[in-house]
Structure formats: structure tokens, C-alpha cells
>>> print(open('my_file35.txt').read())   # compact mmCIF, C-alpha atoms and all ligand atoms
# COMPACT_ATOMS: atom_id res chain seq x y z
CA MET A 1444 0.00 0.00 0.00
CA LYS A 1445 1.02 3.64 -0.34
CA LEU A 1446 -0.16 6.94 1.00
CA TYR A 1447 -0.22 9.93 -1.33
CA ASN A 1448 0.82 12.78 0.92
CA LEU A 1449 0.95 16.57 0.95
CA GLY A 1450 3.51 17.52 3.60
CA ALA A 1451 2.01 20.90 4.49
CA GLY A 1452 -1.63 19.87 4.23
CA MET A 1453 -3.93 19.83 7.24
CA ASN A 1454 -5.76 16.63 6.23
CA PRO A 1455 -2.76 14.49 5.27
CA ARG A 1456 -1.26 15.54 8.63
CA ARG A 1457 -4.27 14.00 10.39
CA VAL A 1458 -3.49 10.62 8.83
CA ARG A 1459 0.25 10.91 9.50
CA ILE A 1460 -0.31 11.69 13.19
CA PHE A 1461 -2.87 8.86 13.43
CA LEU A 1462 -0.40 6.38 11.93
CA ALA A 1463 2.38 7.62 14.20
CA GLU A 1464 0.15 7.15 17.26
CA LYS A 1465 -0.45 3.57 16.09
CA GLY A 1466 3.24 3.04 15.37
CA VAL A 1467 2.41 2.05 11.79
CA GLU A 1468 4.63 2.98 8.85
CA VAL A 1469 3.22 3.28 5.35
CA PRO A 1470 5.31 4.19 2.28
CA MET A 1471 4.47 7.70 1.11
CA VAL A 1472 4.40 9.38 -2.26
CA GLU A 1473 4.76 13.15 -1.98
CA VAL A 1474 2.43 15.18 -4.22
CA ASP A 1475 3.42 18.82 -4.73
CA MET A 1476 0.28 20.92 -4.85
CA MET A 1477 2.26 24.11 -5.55
CA LYS A 1478 3.49 22.48 -8.76
CA GLY A 1479 -0.04 21.35 -9.60
CA GLU A 1480 0.80 17.68 -9.24
CA ASN A 1481 -2.63 16.99 -7.70
CA ARG A 1482 -4.30 18.31 -10.87
CA THR A 1483 -2.47 16.19 -13.44
CA PRO A 1484 -4.49 13.64 -15.43
CA GLU A 1485 -2.45 10.89 -13.73
CA PHE A 1486 -3.38 12.02 -10.23
CA LEU A 1487 -7.01 12.77 -11.17
CA ALA A 1488 -7.24 9.19 -12.43
CA ILE A 1489 -6.39 8.11 -8.87
CA ASN A 1490 -8.59 10.70 -7.12
CA PRO A 1491 -10.88 12.74 -9.41
CA MET A 1492 -11.35 15.26 -6.55
CA GLY A 1493 -7.66 16.13 -6.72
CA THR A 1494 -7.33 16.11 -2.94
CA LEU A 1495 -4.98 14.50 -0.45
CA PRO A 1496 -4.53 12.24 1.40
CA VAL A 1497 -5.19 9.17 -0.74
CA LEU A 1498 -4.49 5.61 0.36
CA GLU A 1499 -3.86 3.09 -2.42
CA LEU A 1500 -4.04 -0.56 -1.39
CA ASP A 1501 -1.97 -3.31 -2.98
CA ASP A 1502 -4.92 -4.47 -5.08
CA GLY A 1503 -5.38 -0.95 -6.44
CA THR A 1504 -8.34 -0.03 -4.21
CA ILE A 1505 -8.39 3.70 -3.50
CA LEU A 1506 -9.49 5.26 -0.23
CA THR A 1507 -9.82 9.00 0.17
CA GLU A 1508 -11.14 11.04 3.12
CA SER A 1509 -8.84 11.26 6.12
CA VAL A 1510 -11.31 9.77 8.59
CA ALA A 1511 -12.10 6.80 6.33
CA ILE A 1512 -8.38 6.10 5.99
CA CYS A 1513 -7.93 6.37 9.75
CA ARG A 1514 -10.86 4.03 10.37
CA TYR A 1515 -9.28 1.46 8.08
CA PHE A 1516 -6.07 1.55 10.12
CA GLU A 1517 -8.02 1.44 13.39
CA GLU A 1518 -9.54 -1.87 12.23
CA LEU A 1519 -6.17 -3.26 11.16
CA HIS A 1520 -4.33 -2.01 14.27
CA PRO A 1521 -6.87 -1.65 17.10
CA GLU A 1522 -4.34 -0.48 19.72
CA PRO A 1523 -3.95 2.18 20.89
CA ASN A 1524 -7.63 2.80 20.42
CA LEU A 1525 -8.34 6.21 18.88
CA PHE A 1526 -12.02 5.96 17.85
CA GLY A 1527 -13.55 4.91 21.18
CA SER A 1528 -13.82 1.57 22.98
CA THR A 1529 -17.43 1.34 24.15
CA ALA A 1530 -20.68 2.15 22.35
CA LEU A 1531 -20.91 5.41 24.27
CA GLU A 1532 -17.29 6.41 23.81
CA ARG A 1533 -17.44 5.70 20.07
CA ALA A 1534 -20.49 7.94 19.81
CA GLN A 1535 -18.78 10.69 21.82
CA VAL A 1536 -15.62 10.53 19.73
CA GLU A 1537 -17.69 10.66 16.53
CA MET A 1538 -19.68 13.62 17.84
CA TRP A 1539 -16.59 15.58 18.77
CA ASN A 1540 -14.67 14.66 15.67
CA ARG A 1541 -17.52 15.92 13.48
CA ARG A 1542 -17.82 19.07 15.56
CA MET A 1543 -14.10 19.71 15.17
CA GLU A 1544 -14.37 19.24 11.41
CA PHE A 1545 -17.50 21.30 10.79
CA GLU A 1546 -17.27 23.96 13.48
CA LEU A 1547 -13.52 24.65 13.50
CA MET A 1548 -11.50 22.98 10.77
CA PHE A 1549 -13.88 23.98 7.98
CA PRO A 1550 -14.17 27.71 8.86
CA MET A 1551 -10.40 27.98 9.45
CA ALA A 1552 -9.72 26.32 6.09
CA MET A 1553 -12.25 28.62 4.37
CA ALA A 1554 -10.70 31.71 5.98
CA PHE A 1555 -7.35 30.58 4.58
CA ARG A 1556 -8.63 29.74 1.11
CA HIS A 1557 -10.67 32.90 0.69
CA THR A 1558 -8.22 35.48 2.06
CA HIS A 1559 -4.69 34.17 1.53
CA GLU A 1560 -2.63 35.07 -1.54
CA MET A 1561 -1.45 31.46 -1.85
CA TRP A 1562 -4.91 30.51 -3.10
CA ALA A 1563 -5.33 33.44 -5.51
CA GLY A 1564 -5.79 32.02 -9.00
CA ARG A 1565 -6.12 28.47 -7.67
CA ASN A 1566 -9.50 28.88 -6.09
CA PRO A 1567 -12.24 31.53 -6.56
CA GLN A 1568 -11.90 33.84 -3.56
CA VAL A 1569 -14.64 35.73 -1.70
CA PRO A 1570 -12.69 37.64 0.98
CA ASP A 1571 -15.81 38.71 2.93
CA PHE A 1572 -16.81 35.06 3.23
CA GLY A 1573 -13.29 34.23 4.40
CA GLN A 1574 -13.47 36.97 7.02
CA LEU A 1575 -16.88 35.76 8.22
CA CYS A 1576 -15.48 32.25 8.56
CA ARG A 1577 -12.56 33.63 10.57
CA GLU A 1578 -14.96 35.38 12.95
CA ASN A 1579 -17.12 32.25 13.25
CA ALA A 1580 -14.06 30.16 14.05
CA GLY A 1581 -13.14 32.65 16.80
CA GLY A 1582 -16.63 32.24 18.31
CA ARG A 1583 -16.32 28.48 18.21
CA MET A 1584 -12.91 28.64 19.90
CA ARG A 1585 -14.48 30.53 22.82
CA TRP A 1586 -17.16 27.82 23.03
CA LEU A 1587 -14.56 25.03 22.97
CA ASP A 1588 -12.50 26.86 25.59
CA LYS A 1589 -15.42 26.58 28.03
CA GLU A 1590 -15.85 22.88 27.21
CA LEU A 1591 -12.18 22.24 27.98
CA ALA A 1592 -12.56 23.70 31.47
CA GLU A 1593 -14.22 20.38 32.35
CA ARG A 1594 -11.89 17.82 30.76
CA GLU A 1595 -8.39 17.28 29.46
CA PHE A 1596 -9.06 16.23 25.88
CA ILE A 1597 -11.60 17.08 23.19
CA ALA A 1598 -13.86 14.03 23.54
CA GLY A 1599 -13.14 13.05 27.14
CA ASP A 1600 -10.26 12.09 29.40
CA ARG A 1601 -8.00 10.60 26.76
CA TYR A 1602 -6.46 11.45 23.39
CA THR A 1603 -8.56 10.37 20.36
CA ILE A 1604 -9.00 11.17 16.68
CA ALA A 1605 -11.06 14.21 17.74
CA ASP A 1606 -7.86 15.70 19.21
CA ILE A 1607 -5.94 14.87 16.04
CA THR A 1608 -8.56 16.61 13.90
CA ALA A 1609 -8.61 19.63 16.16
CA GLN A 1610 -4.83 19.97 16.53
CA CYS A 1611 -4.36 19.87 12.74
CA GLY A 1612 -7.07 22.51 12.32
CA PHE A 1613 -5.57 24.76 14.99
CA LEU A 1614 -2.10 24.42 13.50
CA LEU A 1615 -3.47 25.64 10.17
CA GLY A 1616 -5.31 28.46 11.93
CA LYS A 1617 -2.17 29.49 13.83
CA ASN A 1618 -0.17 29.69 10.59
CA THR A 1619 -2.84 31.41 8.49
CA GLY A 1620 -4.30 34.22 10.58
CA THR A 1621 -6.89 32.45 12.77
CA PRO A 1622 -5.00 31.88 16.02
CA ILE A 1623 -6.49 30.85 19.36
CA PRO A 1624 -7.57 34.04 21.20
CA GLU A 1625 -5.30 34.88 24.15
CA GLU A 1626 -8.14 34.71 26.65
CA CYS A 1627 -8.86 31.04 25.79
CA GLY A 1628 -6.58 29.61 28.48
CA ASN A 1629 -8.09 26.11 28.49
CA LEU A 1630 -7.76 25.79 24.74
CA ILE A 1631 -4.18 27.08 24.83
CA ARG A 1632 -3.35 24.55 27.57
CA TRP A 1633 -4.87 21.73 25.49
CA PHE A 1634 -3.07 22.82 22.29
CA LYS A 1635 0.30 22.98 24.08
CA SER A 1636 -0.31 19.49 25.44
CA VAL A 1637 -1.21 17.86 22.09
CA ALA A 1638 1.46 19.79 20.20
CA SER A 1639 4.11 18.42 22.56
CA ARG A 1640 3.25 14.77 21.87
CA PRO A 1641 6.07 12.92 20.10
CA THR A 1642 3.74 12.30 17.14
CA ALA A 1643 2.75 15.92 16.60
CA ARG A 1644 5.35 16.52 13.88
CA ALA A 1645 4.64 13.32 11.96
N1 LIG B 1 -12.34 15.88 3.39
C1 LIG B 1 -11.05 15.56 2.80
C2 LIG B 1 -10.39 16.89 2.45
C3 LIG B 1 -9.11 16.70 1.65
C4 LIG B 1 -8.49 18.04 1.28
O1 LIG B 1 -9.21 19.03 1.01
N2 LIG B 1 -7.17 18.07 1.22
C5 LIG B 1 -6.45 19.26 0.87
C6 LIG B 1 -5.14 19.34 1.62
S1 LIG B 1 -5.42 19.66 3.33
C7 LIG B 1 -6.12 19.23 -0.61
O2 LIG B 1 -5.73 18.19 -1.10
N3 LIG B 1 -6.21 20.36 -1.33
C8 LIG B 1 -5.82 20.42 -2.68
C9 LIG B 1 -6.64 21.37 -3.48
O3 LIG B 1 -7.68 21.82 -2.98
O4 LIG B 1 -6.23 21.65 -4.62
C10 LIG B 1 -10.23 14.72 3.77
O5 LIG B 1 -10.50 14.78 4.98
O6 LIG B 1 -9.34 13.99 3.37
>>> encode(input="my_file35.txt", output="C-alpha cells")
Amino acid sequence: MKLYNLGAGMNPRRVRIFLAEKGVEVPMVEVDMMKGENRTPEFLAINPMGTLPVLELDDGTILTESVAICRYFEELHPEPNLFGSTALERAQVEMWNRRMEFELMFPMAMAFRHTHEMWAGRNPQVPDFGQLCRENAGGRMRWLDKELAEREFIAGDRYTIADITAQCGFLLGKNTGTPIPEECGNLIRWFKSVASRPTARA
């Protein structure tokens, strides 16, 4: 199998951190988005959406979507568990992972895409929409800060895929103009903790 990777991308990073937490190594093929390698006919034949990550299995089966790829590895390598162990915990992890994707990762990514010069010419930009997304993300960070007053990690008392999703989103936000507000002490404490894990730079 091989993993098509984009080193700087928020979503491929999710899969890399997940694999590192599992202690699993998968050969990687680097795709350079800045050179348009994800838009070539060859790559679009692998993933017509032109996005990364992509997992190609030995029989040629293609899996896209970070969470689907992570779920596949969770089944193959159940420990350490990152998707929840009991019916309730699995539901809680799913709930928080989706919230992190929709409420934080998505608006931070949209703020980046719609306001940053890197995307000019690659993606139609509506700067007002980007700015609105940035403000919405800020509101959601204040909400999450209150949640984290009660517990150590995003979905409960241990590290799960919901933390991986969130930490990759917040790293993008930090580097692209949507940082965690200074007054969000709980969120800053959580981010420092996950960013200091040995897998954080995978
Ligand atoms: N929902 C997908 C999103 C994949 C995605 O948008 N990846 C970005 C990198 S973070 C990408 O490949 N962008 C290339 C482009 O938009 O041209 C997932 O979770 O894998």
C-alpha cells in the first residue's frame, strides 16, 4: 500500500499523526500541490477530486477522506484505540470529531482559502466570506475553551482522533491568521499538550 501525501496539508497531517500514534509505517508518495501535481491527469485518475490524502491498497483499491483512511487503520491495528472503545465512547468521539471538522476545521480552512494570496488564482476567492469564517471560528474557539474547562481532551479524558482533527485545524489556523484568542486559556493549555506529543510533527 502507499499513502499519497501533501507535507504541508492539514488533512494528510491527520493521517500521518494517526499512523504515528499507532506506530504504523506506510510508504508515502509526496504530491506537490504548488506544482499542480494533484491536478495532473495521472493524479485525477487516482482521485478525481484532486485532494490529499489518498491511500492506495496493494490491489489498487483507492481510499480518500482522512477519517475513512484512519478508520481502516483502526480496524487493522486496534491499539492504541483512537475511535472509542465502548458504544458510548465511540459515539462521543464521533460527535466531537464531526464538531471539530464542521465547526472549526472547515471555517479555518475557508478563511485561509478565501483570504490568503497562496490561493489566488487556484481557487475563486470571496474575501468577505473568508473573514466571516474567521470570525465564526473565533466564536467556536471561545465555546470550545469553556468545554475544555471540564476535561483534558476534546472528547473526554484521553487522546482520540477528535484531538488529532482539532490539533491539525488549529495548526493551520495558527499559521494562516486564525490563532487561538489569548483569553482562551483552556484551549491554549490543550493545544500545548497535544502539540508536545512525540507524534505531533509526523
Ligand atoms: N475531506 C477531505 C479533504 C481533503 C483536502 O481538502 N485536502 C487538501 C489538503 S489539506 C487538498 O488536497 N487540497 C488540494 C486542493 O484543494 O487543490 C479529507 O478529509 O481527506
>>> closest_residue(input="my_file35.txt", among="A:Ala1554, A:Val1474, A:Ile1604, A:Ile1597", to="A:Leu1525", atoms="all atoms listed in the file")
A:Ile1604
>>> atom_distance(input="my_file35.txt", atom1="atom CA of A:Phe1549", atom2="atom CA of A:Arg1459")
19.3 Å
>>> closest_residue(input="my_file35.txt", among="A:Ser1639, A:Thr1621, A:Gln1568, A:Thr1558", to="A:Arg1583", atoms="only C-alpha atoms")
A:Thr1621
>>> residues_around(input="my_file35.txt", residues="A:Tyr1515", least_positions_apart="4", cutoff="12 Å", atoms="all atoms listed in the file", output="list of chain:residue names")
A:Val1458, A:Phe1461, A:Leu1462, A:Leu1498, A:Glu1499, A:Leu1500, A:Ile1505, A:Leu1506, A:Thr1507, A:Glu1508, A:Ser1509, A:Val1510, A:Ala1511, A:Leu1519, A:His1520, A:Pro1521, A:Leu1525, A:Phe1526
>>> closest_residue(input="my_file35.txt", among="A:Pro1622, A:Gly1599, A:Gly1466, A:Pro1550", to="A:Ala1534", atoms="all atoms listed in the file")
A:Gly1599
>>> residues_near_ligand(input="my_file35.txt", ligand="ligand LIG 1 (chain B)", cutoff="9 Å", atoms="only C-alpha atoms and all ligand atoms", output="PyMOL selection string")
chain A and resi 1448-1449+1451-1458+1476-1477+1479+1481-1482+1492-1497+1507-1512+1544+1552+1556+1565-1566
>>> closest_residue(input="my_file35.txt", among="A:Val1467, A:Ile1460, A:Cys1576, A:Met1543", to="A:Gly1620", atoms="all atoms listed in the file")
A:Cys1576
>>> residues_around(input="my_file35.txt", residues="A:Pro1624", least_positions_apart="6", cutoff="10 Å", atoms="all atoms listed in the file", output="list in words")
Gly1581, Gly1582, Met1584, Arg1585, Asp1588, Leu1630 and Ile1631 of chain A
>>> closest_residue(input="my_file35.txt", among="A:Val1637, A:His1557, A:Cys1627, A:Asn1579", to="A:Glu1595", atoms="all atoms listed in the file")
A:Val1637
>>> atom_distance(input="my_file35.txt", atom1="atom CA of A:His1559", atom2="atom CA of A:Gln1574")
10.7 Å
>>> build_atoms(input="my_file35.txt", residues="stretch 1534-1565 of chain A", atoms="N, CA and C atoms", output="CSV table (one decimal), keeping the file's coordinate frame")
chain,number,residue,atom,x,y,z
A,1534,ALA,N,-19.6,6.9,20.2
A,1534,ALA,CA,-20.5,7.9,19.8
A,1534,ALA,C,-19.9,9.3,20.2
A,1535,GLN,N,-19.3,9.4,21.4
A,1535,GLN,CA,-18.8,10.7,21.8
A,1535,GLN,C,-17.6,11.1,20.9
A,1536,VAL,N,-16.8,10.2,20.6
A,1536,VAL,CA,-15.6,10.5,19.7
A,1536,VAL,C,-16.1,11.0,18.4
A,1537,GLU,N,-17.1,10.3,17.8
A,1537,GLU,CA,-17.7,10.7,16.5
A,1537,GLU,C,-18.3,12.1,16.6
A,1538,MET,N,-19.0,12.3,17.7
A,1538,MET,CA,-19.7,13.6,17.8
A,1538,MET,C,-18.6,14.7,17.9
A,1539,TRP,N,-17.6,14.5,18.6
A,1539,TRP,CA,-16.6,15.6,18.8
A,1539,TRP,C,-15.7,15.7,17.5
A,1540,ASN,N,-15.5,14.6,16.9
A,1540,ASN,CA,-14.7,14.7,15.7
A,1540,ASN,C,-15.4,15.4,14.6
A,1541,ARG,N,-16.7,15.2,14.5
A,1541,ARG,CA,-17.5,15.9,13.5
A,1541,ARG,C,-17.6,17.4,13.8
A,1542,ARG,N,-17.8,17.7,15.1
A,1542,ARG,CA,-17.8,19.1,15.6
A,1542,ARG,C,-16.5,19.8,15.2
A,1543,MET,N,-15.4,19.1,15.5
A,1543,MET,CA,-14.1,19.7,15.2
A,1543,MET,C,-14.0,20.0,13.7
A,1544,GLU,N,-14.5,19.0,12.9
A,1544,GLU,CA,-14.4,19.2,11.4
A,1544,GLU,C,-15.3,20.4,11.0
A,1545,PHE,N,-16.5,20.3,11.3
A,1545,PHE,CA,-17.5,21.3,10.8
A,1545,PHE,C,-17.4,22.7,11.4
A,1546,GLU,N,-17.2,22.7,12.8
A,1546,GLU,CA,-17.3,24.0,13.5
A,1546,GLU,C,-15.9,24.7,13.5
A,1547,LEU,N,-14.8,24.0,13.4
A,1547,LEU,CA,-13.5,24.6,13.5
A,1547,LEU,C,-12.6,24.5,12.3
A,1548,MET,N,-12.4,23.2,11.9
A,1548,MET,CA,-11.5,23.0,10.8
A,1548,MET,C,-12.0,23.6,9.5
A,1549,PHE,N,-13.3,23.4,9.2
A,1549,PHE,CA,-13.9,24.0,8.0
A,1549,PHE,C,-13.8,25.5,7.9
A,1550,PRO,N,-14.3,26.2,9.0
A,1550,PRO,CA,-14.2,27.7,8.9
A,1550,PRO,C,-12.7,28.2,8.8
A,1551,MET,N,-11.8,27.5,9.5
A,1551,MET,CA,-10.4,28.0,9.4
A,1551,MET,C,-9.8,27.7,8.0
A,1552,ALA,N,-10.2,26.6,7.4
A,1552,ALA,CA,-9.7,26.3,6.1
A,1552,ALA,C,-10.3,27.3,5.1
A,1553,MET,N,-11.6,27.7,5.3
A,1553,MET,CA,-12.2,28.6,4.4
A,1553,MET,C,-11.7,30.0,4.5
A,1554,ALA,N,-11.3,30.4,5.8
A,1554,ALA,CA,-10.7,31.7,6.0
A,1554,ALA,C,-9.4,31.8,5.2
A,1555,PHE,N,-8.6,30.7,5.3
A,1555,PHE,CA,-7.4,30.6,4.6
A,1555,PHE,C,-7.6,30.7,3.1
A,1556,ARG,N,-8.4,29.8,2.6
A,1556,ARG,CA,-8.6,29.7,1.1
A,1556,ARG,C,-9.2,31.0,0.5
A,1557,HIS,N,-10.0,31.7,1.3
A,1557,HIS,CA,-10.7,32.9,0.7
A,1557,HIS,C,-10.0,34.2,1.0
A,1558,THR,N,-8.9,34.2,1.8
A,1558,THR,CA,-8.2,35.5,2.1
A,1558,THR,C,-6.7,35.4,1.8
A,1559,HIS,N,-6.2,34.3,1.6
A,1559,HIS,CA,-4.7,34.2,1.5
A,1559,HIS,C,-4.2,34.2,0.1
A,1560,GLU,N,-3.1,34.9,-0.2
A,1560,GLU,CA,-2.6,35.1,-1.5
A,1560,GLU,C,-2.2,33.7,-2.2
A,1561,MET,N,-1.9,32.8,-1.3
A,1561,MET,CA,-1.4,31.5,-1.8
A,1561,MET,C,-2.5,30.8,-2.7
A,1562,TRP,N,-3.8,31.1,-2.4
A,1562,TRP,CA,-4.9,30.5,-3.1
A,1562,TRP,C,-5.4,31.3,-4.3
A,1563,ALA,N,-4.9,32.6,-4.4
A,1563,ALA,CA,-5.3,33.4,-5.5
A,1563,ALA,C,-5.0,32.8,-6.8
A,1564,GLY,N,-6.0,32.7,-7.7
A,1564,GLY,CA,-5.8,32.0,-9.0
A,1564,GLY,C,-6.0,30.5,-9.0
A,1565,ARG,N,-5.9,29.9,-7.8
A,1565,ARG,CA,-6.1,28.5,-7.7
A,1565,ARG,C,-7.6,28.1,-7.3
